[in-house]
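Dropping protein20.txt in here (compact mmCIF, C-alpha atoms):
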```txt
# COMPACT_ATOMS: atom_id res chain seq x y z
CA MET A 1337 -32.77 54.52 -16.31
CA ILE A 1338 -36.16 55.38 -14.81
CA PHE A 1339 -34.52 57.99 -12.56
CA LEU A 1340 -32.71 59.56 -15.52
CA THR A 1341 -35.95 59.57 -17.54
CA ILE A 1342 -37.75 61.39 -14.72
CA LEU A 1343 -34.94 63.94 -14.49
CA LEU A 1344 -35.05 64.49 -18.27
CA ALA A 1345 -38.84 64.86 -18.15
CA ILE A 1346 -38.61 67.40 -15.31
CA PHE A 1347 -36.00 69.34 -17.30
CA ILE A 1348 -38.16 69.39 -20.46
CA PHE A 1349 -41.33 70.30 -18.56
CA GLY A 1350 -39.38 73.01 -16.73
CA ILE A 1351 -38.08 74.56 -19.95
CA LEU A 1352 -41.55 74.57 -21.54
CA ILE A 1353 -43.14 76.13 -18.46
CA LEU A 1354 -40.33 78.66 -17.97
CA VAL A 1355 -40.54 79.87 -21.57
CA HIS A 1356 -44.33 80.14 -21.37
CA GLU A 1357 -44.34 82.13 -18.15
CA LEU A 1358 -41.47 84.33 -19.34
CA GLY A 1359 -43.64 85.27 -22.31
CA HIS A 1360 -46.30 86.59 -19.95
CA PHE A 1361 -43.66 88.16 -17.68
CA TRP A 1362 -41.81 90.07 -20.41
CA ALA A 1363 -45.04 91.30 -21.99
CA ALA A 1364 -46.33 92.43 -18.59
CA ARG A 1365 -43.12 94.33 -17.92
CA ALA A 1366 -43.30 95.91 -21.39
CA PHE A 1367 -46.73 97.36 -20.51
CA ASN A 1368 -45.69 98.30 -16.95
CA VAL A 1369 -47.95 95.72 -15.31
CA LYS A 1370 -46.97 94.77 -11.77
CA VAL A 1371 -45.98 91.08 -11.47
CA THR A 1372 -46.40 89.92 -7.87
CA ASP A 1373 -45.47 86.23 -8.27
CA PHE A 1374 -43.48 84.19 -10.78
CA ALA A 1375 -43.39 80.44 -10.17
CA ILE A 1376 -42.24 77.33 -11.98
CA GLY A 1377 -44.15 74.28 -10.78
CA MET A 1378 -47.11 74.03 -8.42
CA GLY A 1379 -47.63 73.18 -4.77
CA PRO A 1380 -45.28 74.02 -1.88
CA ALA A 1381 -42.20 76.10 -2.64
CA ILE A 1382 -38.80 74.39 -2.48
CA TRP A 1383 -37.04 77.69 -3.24
CA LYS A 1384 -38.25 81.27 -3.27
CA LYS A 1385 -36.77 84.73 -3.32
CA GLN A 1386 -38.27 88.18 -3.19
CA LYS A 1387 -36.63 90.48 -5.71
CA GLY A 1388 -38.14 93.92 -5.97
CA GLU A 1389 -41.91 93.64 -6.21
CA THR A 1390 -41.91 90.04 -7.47
CA LEU A 1391 -41.67 86.80 -5.47
CA TYR A 1392 -39.83 84.19 -7.56
CA ALA A 1393 -40.32 80.53 -6.66
CA ILE A 1394 -39.63 76.96 -7.75
CA ARG A 1395 -42.37 74.67 -6.51
CA ALA A 1396 -42.40 70.96 -5.72
CA ILE A 1397 -44.73 69.62 -8.44
CA PRO A 1398 -42.97 70.08 -11.81
CA ILE A 1399 -46.19 70.61 -13.77
CA GLY A 1400 -47.55 74.05 -14.51
CA GLY A 1401 -46.50 77.42 -13.22
CA TYR A 1402 -47.81 80.94 -13.10
CA CYS A 1403 -47.01 84.59 -13.59
CA LYS A 1404 -49.42 86.40 -11.26
CA MET A 1405 -50.12 89.98 -12.20
CA GLU A 1406 -51.89 92.68 -10.23
CA GLY A 1407 -55.48 92.98 -11.42
CA GLU A 1408 -55.40 89.69 -13.31
CA ASP A 1409 -58.45 88.17 -11.60
CA GLU A 1410 -60.03 91.27 -10.11
CA GLU A 1411 -60.49 94.91 -10.97
CA ILE A 1412 -57.92 97.01 -9.10
CA LYS A 1413 -57.81 100.79 -9.26
CA SER A 1414 -54.12 101.07 -10.07
CA GLU A 1415 -52.27 102.29 -13.14
CA ARG A 1416 -50.05 99.20 -13.01
CA SER A 1417 -52.82 96.60 -12.75
CA LEU A 1418 -53.58 94.41 -15.75
CA SER A 1419 -57.27 95.29 -15.49
CA ALA A 1420 -56.43 98.98 -16.01
CA LYS A 1421 -54.67 98.38 -19.33
CA PRO A 1422 -56.46 98.69 -22.71
CA TRP A 1423 -57.88 95.48 -24.16
CA TRP A 1424 -55.19 95.18 -26.83
CA ALA A 1425 -52.41 95.34 -24.21
CA ARG A 1426 -54.10 92.62 -22.16
CA PHE A 1427 -54.50 90.55 -25.31
CA ILE A 1428 -50.75 90.74 -25.97
CA VAL A 1429 -49.89 89.85 -22.36
CA LEU A 1430 -52.21 86.83 -22.41
CA PHE A 1431 -51.14 85.72 -25.91
CA SER A 1432 -47.39 86.02 -25.26
CA GLY A 1433 -47.03 82.82 -23.21
CA ALA A 1434 -48.38 80.57 -25.96
CA PHE A 1435 -46.51 82.56 -28.60
CA MET A 1436 -43.21 81.95 -26.80
CA ASN A 1437 -43.91 78.20 -26.68
CA ILE A 1438 -44.43 78.14 -30.44
CA VAL A 1439 -41.23 80.16 -30.91
CA LEU A 1440 -39.42 77.63 -28.71
CA GLY A 1441 -40.77 74.83 -30.91
CA PHE A 1442 -39.38 76.60 -33.98
CA VAL A 1443 -35.98 77.12 -32.31
CA VAL A 1444 -35.76 73.42 -31.38
CA CYS A 1445 -36.70 72.47 -34.97
CA LEU A 1446 -33.97 74.83 -36.16
CA ILE A 1447 -31.45 73.05 -33.91
CA ILE A 1448 -32.54 69.69 -35.36
CA VAL A 1449 -32.15 70.86 -38.96
CA ALA A 1450 -28.77 72.50 -38.23
CA TRP A 1451 -27.64 69.27 -36.52
CA LEU A 1452 -28.61 67.25 -39.59
CA ALA A 1453 -26.88 69.73 -41.88
CA ILE A 1454 -23.63 69.11 -39.97
CA SER A 1455 -24.11 65.38 -39.23
CA PRO A 1456 -26.55 63.90 -41.77
CA ALA A 1457 -28.74 60.96 -40.79
CA GLU A 1458 -29.04 57.90 -42.99
CA PRO A 1459 -31.13 59.06 -45.99
CA SER A 1460 -34.47 57.28 -45.77
CA THR A 1461 -38.12 57.99 -46.34
CA GLU A 1462 -38.99 56.04 -43.18
CA THR A 1463 -38.01 58.73 -40.66
CA ILE A 1464 -38.39 62.47 -40.55
CA PHE A 1465 -34.64 62.79 -39.96
CA GLY A 1466 -33.79 60.73 -43.03
CA VAL A 1467 -36.14 62.83 -45.16
CA LEU A 1468 -34.62 66.04 -43.84
CA SER A 1469 -31.09 64.78 -44.48
CA ALA A 1470 -31.99 63.93 -48.06
CA ARG A 1471 -33.46 67.38 -48.61
CA LEU A 1472 -30.48 69.09 -46.98
CA ALA A 1473 -28.12 67.18 -49.27
CA GLU A 1474 -29.69 69.03 -52.20
CA ASN A 1475 -29.64 72.49 -50.63
CA SER A 1476 -28.23 73.42 -47.23
CA ASN A 1477 -28.03 77.21 -47.24
CA ILE A 1478 -29.26 79.25 -44.27
CA LEU A 1479 -32.57 80.27 -45.85
CA TYR A 1480 -33.35 76.64 -46.69
CA ILE A 1481 -32.52 75.54 -43.15
CA LEU A 1482 -34.90 78.20 -41.79
CA ARG A 1483 -37.58 77.05 -44.22
CA LEU A 1484 -37.25 73.41 -43.15
CA ALA A 1485 -37.43 74.41 -39.47
CA PHE A 1486 -40.59 76.39 -40.20
CA GLU A 1487 -42.11 73.43 -42.07
CA MET A 1488 -41.33 71.15 -39.10
CA THR A 1489 -43.03 73.61 -36.75
CA VAL A 1490 -46.12 73.70 -38.96
CA ALA A 1491 -46.11 69.89 -39.14
CA SER A 1492 -46.05 69.62 -35.34
CA ALA A 1493 -48.91 72.14 -35.13
CA ARG A 1494 -50.88 70.09 -37.66
CA VAL A 1495 -50.65 67.09 -35.33
CA VAL A 1496 -52.42 69.11 -32.60
CA PHE A 1497 -55.29 70.15 -34.88
CA GLN A 1498 -55.64 66.62 -36.24
CA SER A 1499 -55.89 65.28 -32.69
CA ILE A 1500 -58.54 67.88 -31.79
CA GLY A 1501 -60.43 67.00 -34.96
CA MET A 1502 -60.38 63.31 -34.04
CA LEU A 1503 -61.75 64.09 -30.58
CA LEU A 1504 -64.55 66.25 -32.00
CA SER A 1505 -65.45 63.70 -34.68
CA GLY A 1506 -65.47 60.78 -32.26
CA GLU A 1507 -62.55 58.97 -33.92
CA ALA A 1508 -60.74 59.31 -30.59
CA GLY A 1509 -62.09 59.56 -27.08
CA ILE A 1510 -61.02 61.13 -23.81
CA GLY A 1511 -59.55 57.76 -22.88
CA ASP A 1512 -57.00 58.19 -25.68
CA LEU A 1513 -55.59 61.38 -24.16
CA MET A 1514 -52.13 61.20 -22.60
CA GLY A 1515 -51.31 62.82 -19.26
CA PRO A 1516 -48.02 63.60 -17.48
CA VAL A 1517 -47.26 59.96 -16.65
CA GLY A 1518 -47.76 58.90 -20.25
CA ILE A 1519 -45.61 61.79 -21.50
CA VAL A 1520 -42.79 60.78 -19.15
CA ASP A 1521 -43.01 57.25 -20.55
CA GLU A 1522 -42.81 58.66 -24.11
CA ILE A 1523 -39.78 60.76 -23.16
CA GLY A 1524 -38.10 57.62 -21.82
CA TYR A 1525 -38.76 55.79 -25.10
CA TYR A 1526 -37.43 58.63 -27.25
CA ALA A 1527 -34.38 59.03 -24.98
CA ARG A 1528 -33.48 55.38 -25.62
CA VAL A 1529 -33.68 56.00 -29.38
CA GLY A 1530 -31.39 59.04 -29.41
CA GLY A 1531 -30.88 62.78 -29.00
CA LEU A 1532 -32.64 63.93 -32.18
CA PRO A 1533 -35.91 62.13 -31.36
CA VAL A 1534 -35.89 63.75 -27.89
CA LEU A 1535 -35.45 67.17 -29.49
CA TRP A 1536 -38.29 66.44 -31.94
CA LEU A 1537 -40.57 65.37 -29.08
CA THR A 1538 -39.64 68.57 -27.21
CA ALA A 1539 -40.53 70.67 -30.27
CA VAL A 1540 -43.88 68.91 -30.63
CA MET A 1541 -44.61 69.36 -26.91
CA ALA A 1542 -43.72 73.06 -27.08
CA VAL A 1543 -46.01 73.72 -30.04
CA ASN A 1544 -48.73 71.55 -28.44
CA LEU A 1545 -48.57 73.56 -25.24
CA GLY A 1546 -48.75 76.83 -27.15
CA ILE A 1547 -51.76 75.88 -29.28
CA LEU A 1548 -53.66 74.11 -26.49
CA ASN A 1549 -53.28 77.18 -24.27
CA LEU A 1550 -54.95 79.27 -26.97
CA LEU A 1551 -58.07 77.09 -27.11
CA PRO A 1552 -61.12 79.16 -26.06
CA LEU A 1553 -61.65 77.21 -22.86
CA PRO A 1554 -62.17 78.70 -19.37
CA ALA A 1555 -59.01 79.02 -17.23
CA LEU A 1556 -56.72 78.72 -20.27
CA ASP A 1557 -55.10 81.78 -21.86
CA GLY A 1558 -57.44 81.33 -24.81
CA GLY A 1559 -60.48 81.51 -22.53
CA ARG A 1560 -59.21 84.74 -20.98
CA ILE A 1561 -58.50 86.15 -24.43
CA ILE A 1562 -62.12 85.48 -25.42
CA PHE A 1563 -63.31 87.68 -22.55
CA VAL A 1564 -60.90 90.42 -23.65
CA LEU A 1565 -62.19 90.24 -27.23
CA ILE A 1566 -65.82 90.33 -26.04
CA GLU A 1567 -64.97 93.47 -24.09
CA ALA A 1568 -63.35 95.00 -27.18
CA VAL A 1569 -66.54 94.35 -29.22
CA ARG A 1570 -69.10 95.48 -26.65
CA ARG A 1571 -66.82 98.26 -25.32
CA LYS A 1572 -67.70 97.33 -21.79
CA PRO A 1573 -65.86 94.95 -19.46
CA ILE A 1574 -67.55 91.82 -18.17
CA PRO A 1575 -67.86 91.97 -14.35
CA PRO A 1576 -64.69 90.37 -12.91
CA GLU A 1577 -66.67 88.23 -10.46
CA LYS A 1578 -68.65 86.64 -13.30
CA GLU A 1579 -65.51 85.98 -15.35
CA GLY A 1580 -63.85 84.59 -12.23
CA ILE A 1581 -66.69 82.07 -11.74
CA VAL A 1582 -66.30 80.84 -15.34
CA HIS A 1583 -62.54 80.38 -14.95
CA PHE A 1584 -62.96 78.65 -11.57
CA ILE A 1585 -65.34 76.13 -13.14
CA GLY A 1586 -62.80 75.67 -15.94
CA ILE A 1587 -60.00 74.99 -13.46
CA VAL A 1588 -62.10 72.39 -11.63
CA LEU A 1589 -62.93 70.63 -14.92
CA LEU A 1590 -59.29 70.72 -16.08
CA LEU A 1591 -58.10 69.27 -12.77
CA GLY A 1592 -60.70 66.53 -13.07
CA LEU A 1593 -59.52 65.77 -16.61
CA MET A 1594 -55.91 65.71 -15.40
CA VAL A 1595 -56.77 63.16 -12.70
CA PHE A 1596 -58.64 61.04 -15.25
CA VAL A 1597 -55.88 60.97 -17.89
CA THR A 1598 -53.22 60.33 -15.23
CA PHE A 1599 -55.21 57.34 -13.97
CA ASN A 1600 -55.54 56.13 -17.57
CA ASP A 1601 -51.77 56.51 -18.06
CA ILE A 1602 -51.07 54.36 -15.00
CA VAL A 1603 -53.54 51.69 -16.13
CA ARG A 1604 -51.96 51.59 -19.61
CA LEU A 1605 -48.46 51.29 -18.19
CA CYS A 1606 -49.42 48.58 -15.70
CA PHE A 1607 -51.73 46.49 -17.87
CA GLY A 1608 -50.90 47.55 -21.42
CA GLY A 1609 -53.38 48.70 -24.04
```

Please rewrite the model in this file as structure tokens.
Amino acid sequence: MIFLTILLAIFIFGILILVHELGHFWAARAFNVKVTDFAIGMGPAIWKKQKGETLYAIRAIPIGGYCKMEGEDEEIKSERSLSAKPWWARFIVLFSGAFMNIVLGFVVCLIIVAWLAISPAEPSTETIFGVLSARLAENSNILYILRLAFEMTVASARVVFQSIGMLLSGEAGIGDLMGPVGIVDEIGYYARVGGLPVLWLTAVMAVNLGILNLLPLPALDGGRIIFVLIEAVRRKPIPPEKEGIVHFIGIVLLLGLMVFVTFNDIVRLCFGG
């Protein structure tokens, strides 16, 4: 069961990462930005292939990924570099990854609602699926199904903002954050409950990933977007080396946080709490 849970977690993580990076990739192609590398996962490559100007790779650690574009972290004198594009084009390229994750969350919610429209769950106010089934019994036309899927997406986004609010207010601490190990454990629990709960968890994770990536923190897409917006206001780019230092510090802090929450996950699993 543990092995199957790990495989399911790798599959879900892979889909979330793939969709995110494809958002950047498609937007970059739309603005004729050169993409040099497209990878799912981090660390050493277990498969790679050069196709045209882009090196595609699947890497050993199934967390994270990247779509490396020419001129992304430095100013390159080339028409096809990201740094040569107008600020609004760079904004769209940077925003597209998170946007695609939120779209994925909506699509998964749509699948859940359509599933319940065909095979209703036991009507109950105790579970989200029972509530949805009861509402679908009253009205199950296409527009209503789309509306319910949208409401589910908004509800999953609300969870993210509530969690951030709890962290900022002190109601929750860094020790309450869940890392990859904890998420895998959650996936295992939901998988034992059934297919619909796994889909709901996937939708929540997709929307979470999209919103968290838009937070104005260094190294995240949101942090990069802030620099683009500052440039748009002051009509002058911030020196790439200075922006690079800020993002490097952000990466170091994020990696440190990742190590901390992973350690916490392991402690919780081994000793409870």

(request) Could you tell me which of A:Ala1527, A:Ala1393, A:Cys1403, A:Val1543 comes closest to Phe1497 (chain A) if we count all atoms listed in the file? (result) A:Val1543

(message) Set the distance at 8 Å and use all atoms listed in the file: which residues neighbour region 1414-1430 of chain A once local chain neighbours fewer than 4 positions away are removed? I'd like the list as a ChimeraX atom specification.
(response) /A:1359-1361,1363-1364,1367-1370,1405-1408,1410,1557-1558,1560-1561,1564-1565,1567-1568

Region 1383-1471 of chain A near region 1479-1486 of chain A within 9 Å: what's each residue's closest atom pair and its distance in Å to one decimal, counting all atoms listed in the file, ordered by chain then ascending residue number, as a tab-separated table?
```
residue	atom	partner	partner_atom	distance
A:Phe1442	CA	A:Ala1485	CA	6.2
A:Val1443	CA	A:Ala1485	CA	7.8
A:Val1444	CA	A:Ala1485	CA	8.3
A:Cys1445	CA	A:Ala1485	CA	5.0
A:Leu1446	CA	A:Ala1485	CA	4.8
A:Ile1447	CA	A:Ala1485	CA	8.3
A:Ile1448	CA	A:Ala1485	CA	7.9
A:Val1449	CA	A:Ile1481	CA	6.3
A:Ala1450	CA	A:Ile1481	CA	6.9
A:Ala1453	CA	A:Ile1481	CA	8.2
A:Leu1468	CA	A:Leu1484	CA	7.9
A:Arg1471	CA	A:Leu1484	CA	9.0
```

Just need the box for region 1353-1372 of chain A, edges along x, y and z, holding every atom the file lists for it with 5 Å tacked onto each side, so centre and edge lengths in Å to one decimal, as lines of an AutoDock Vina configuration file.
```
center_x = -44.1
center_y = 87.2
center_z = -15.1
size_x = 17.6
size_y = 32.2
size_z = 24.4
```

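One finds CA of Trp1383 (chain A) at 18.1 Å from CA of Val1371 (chain A).
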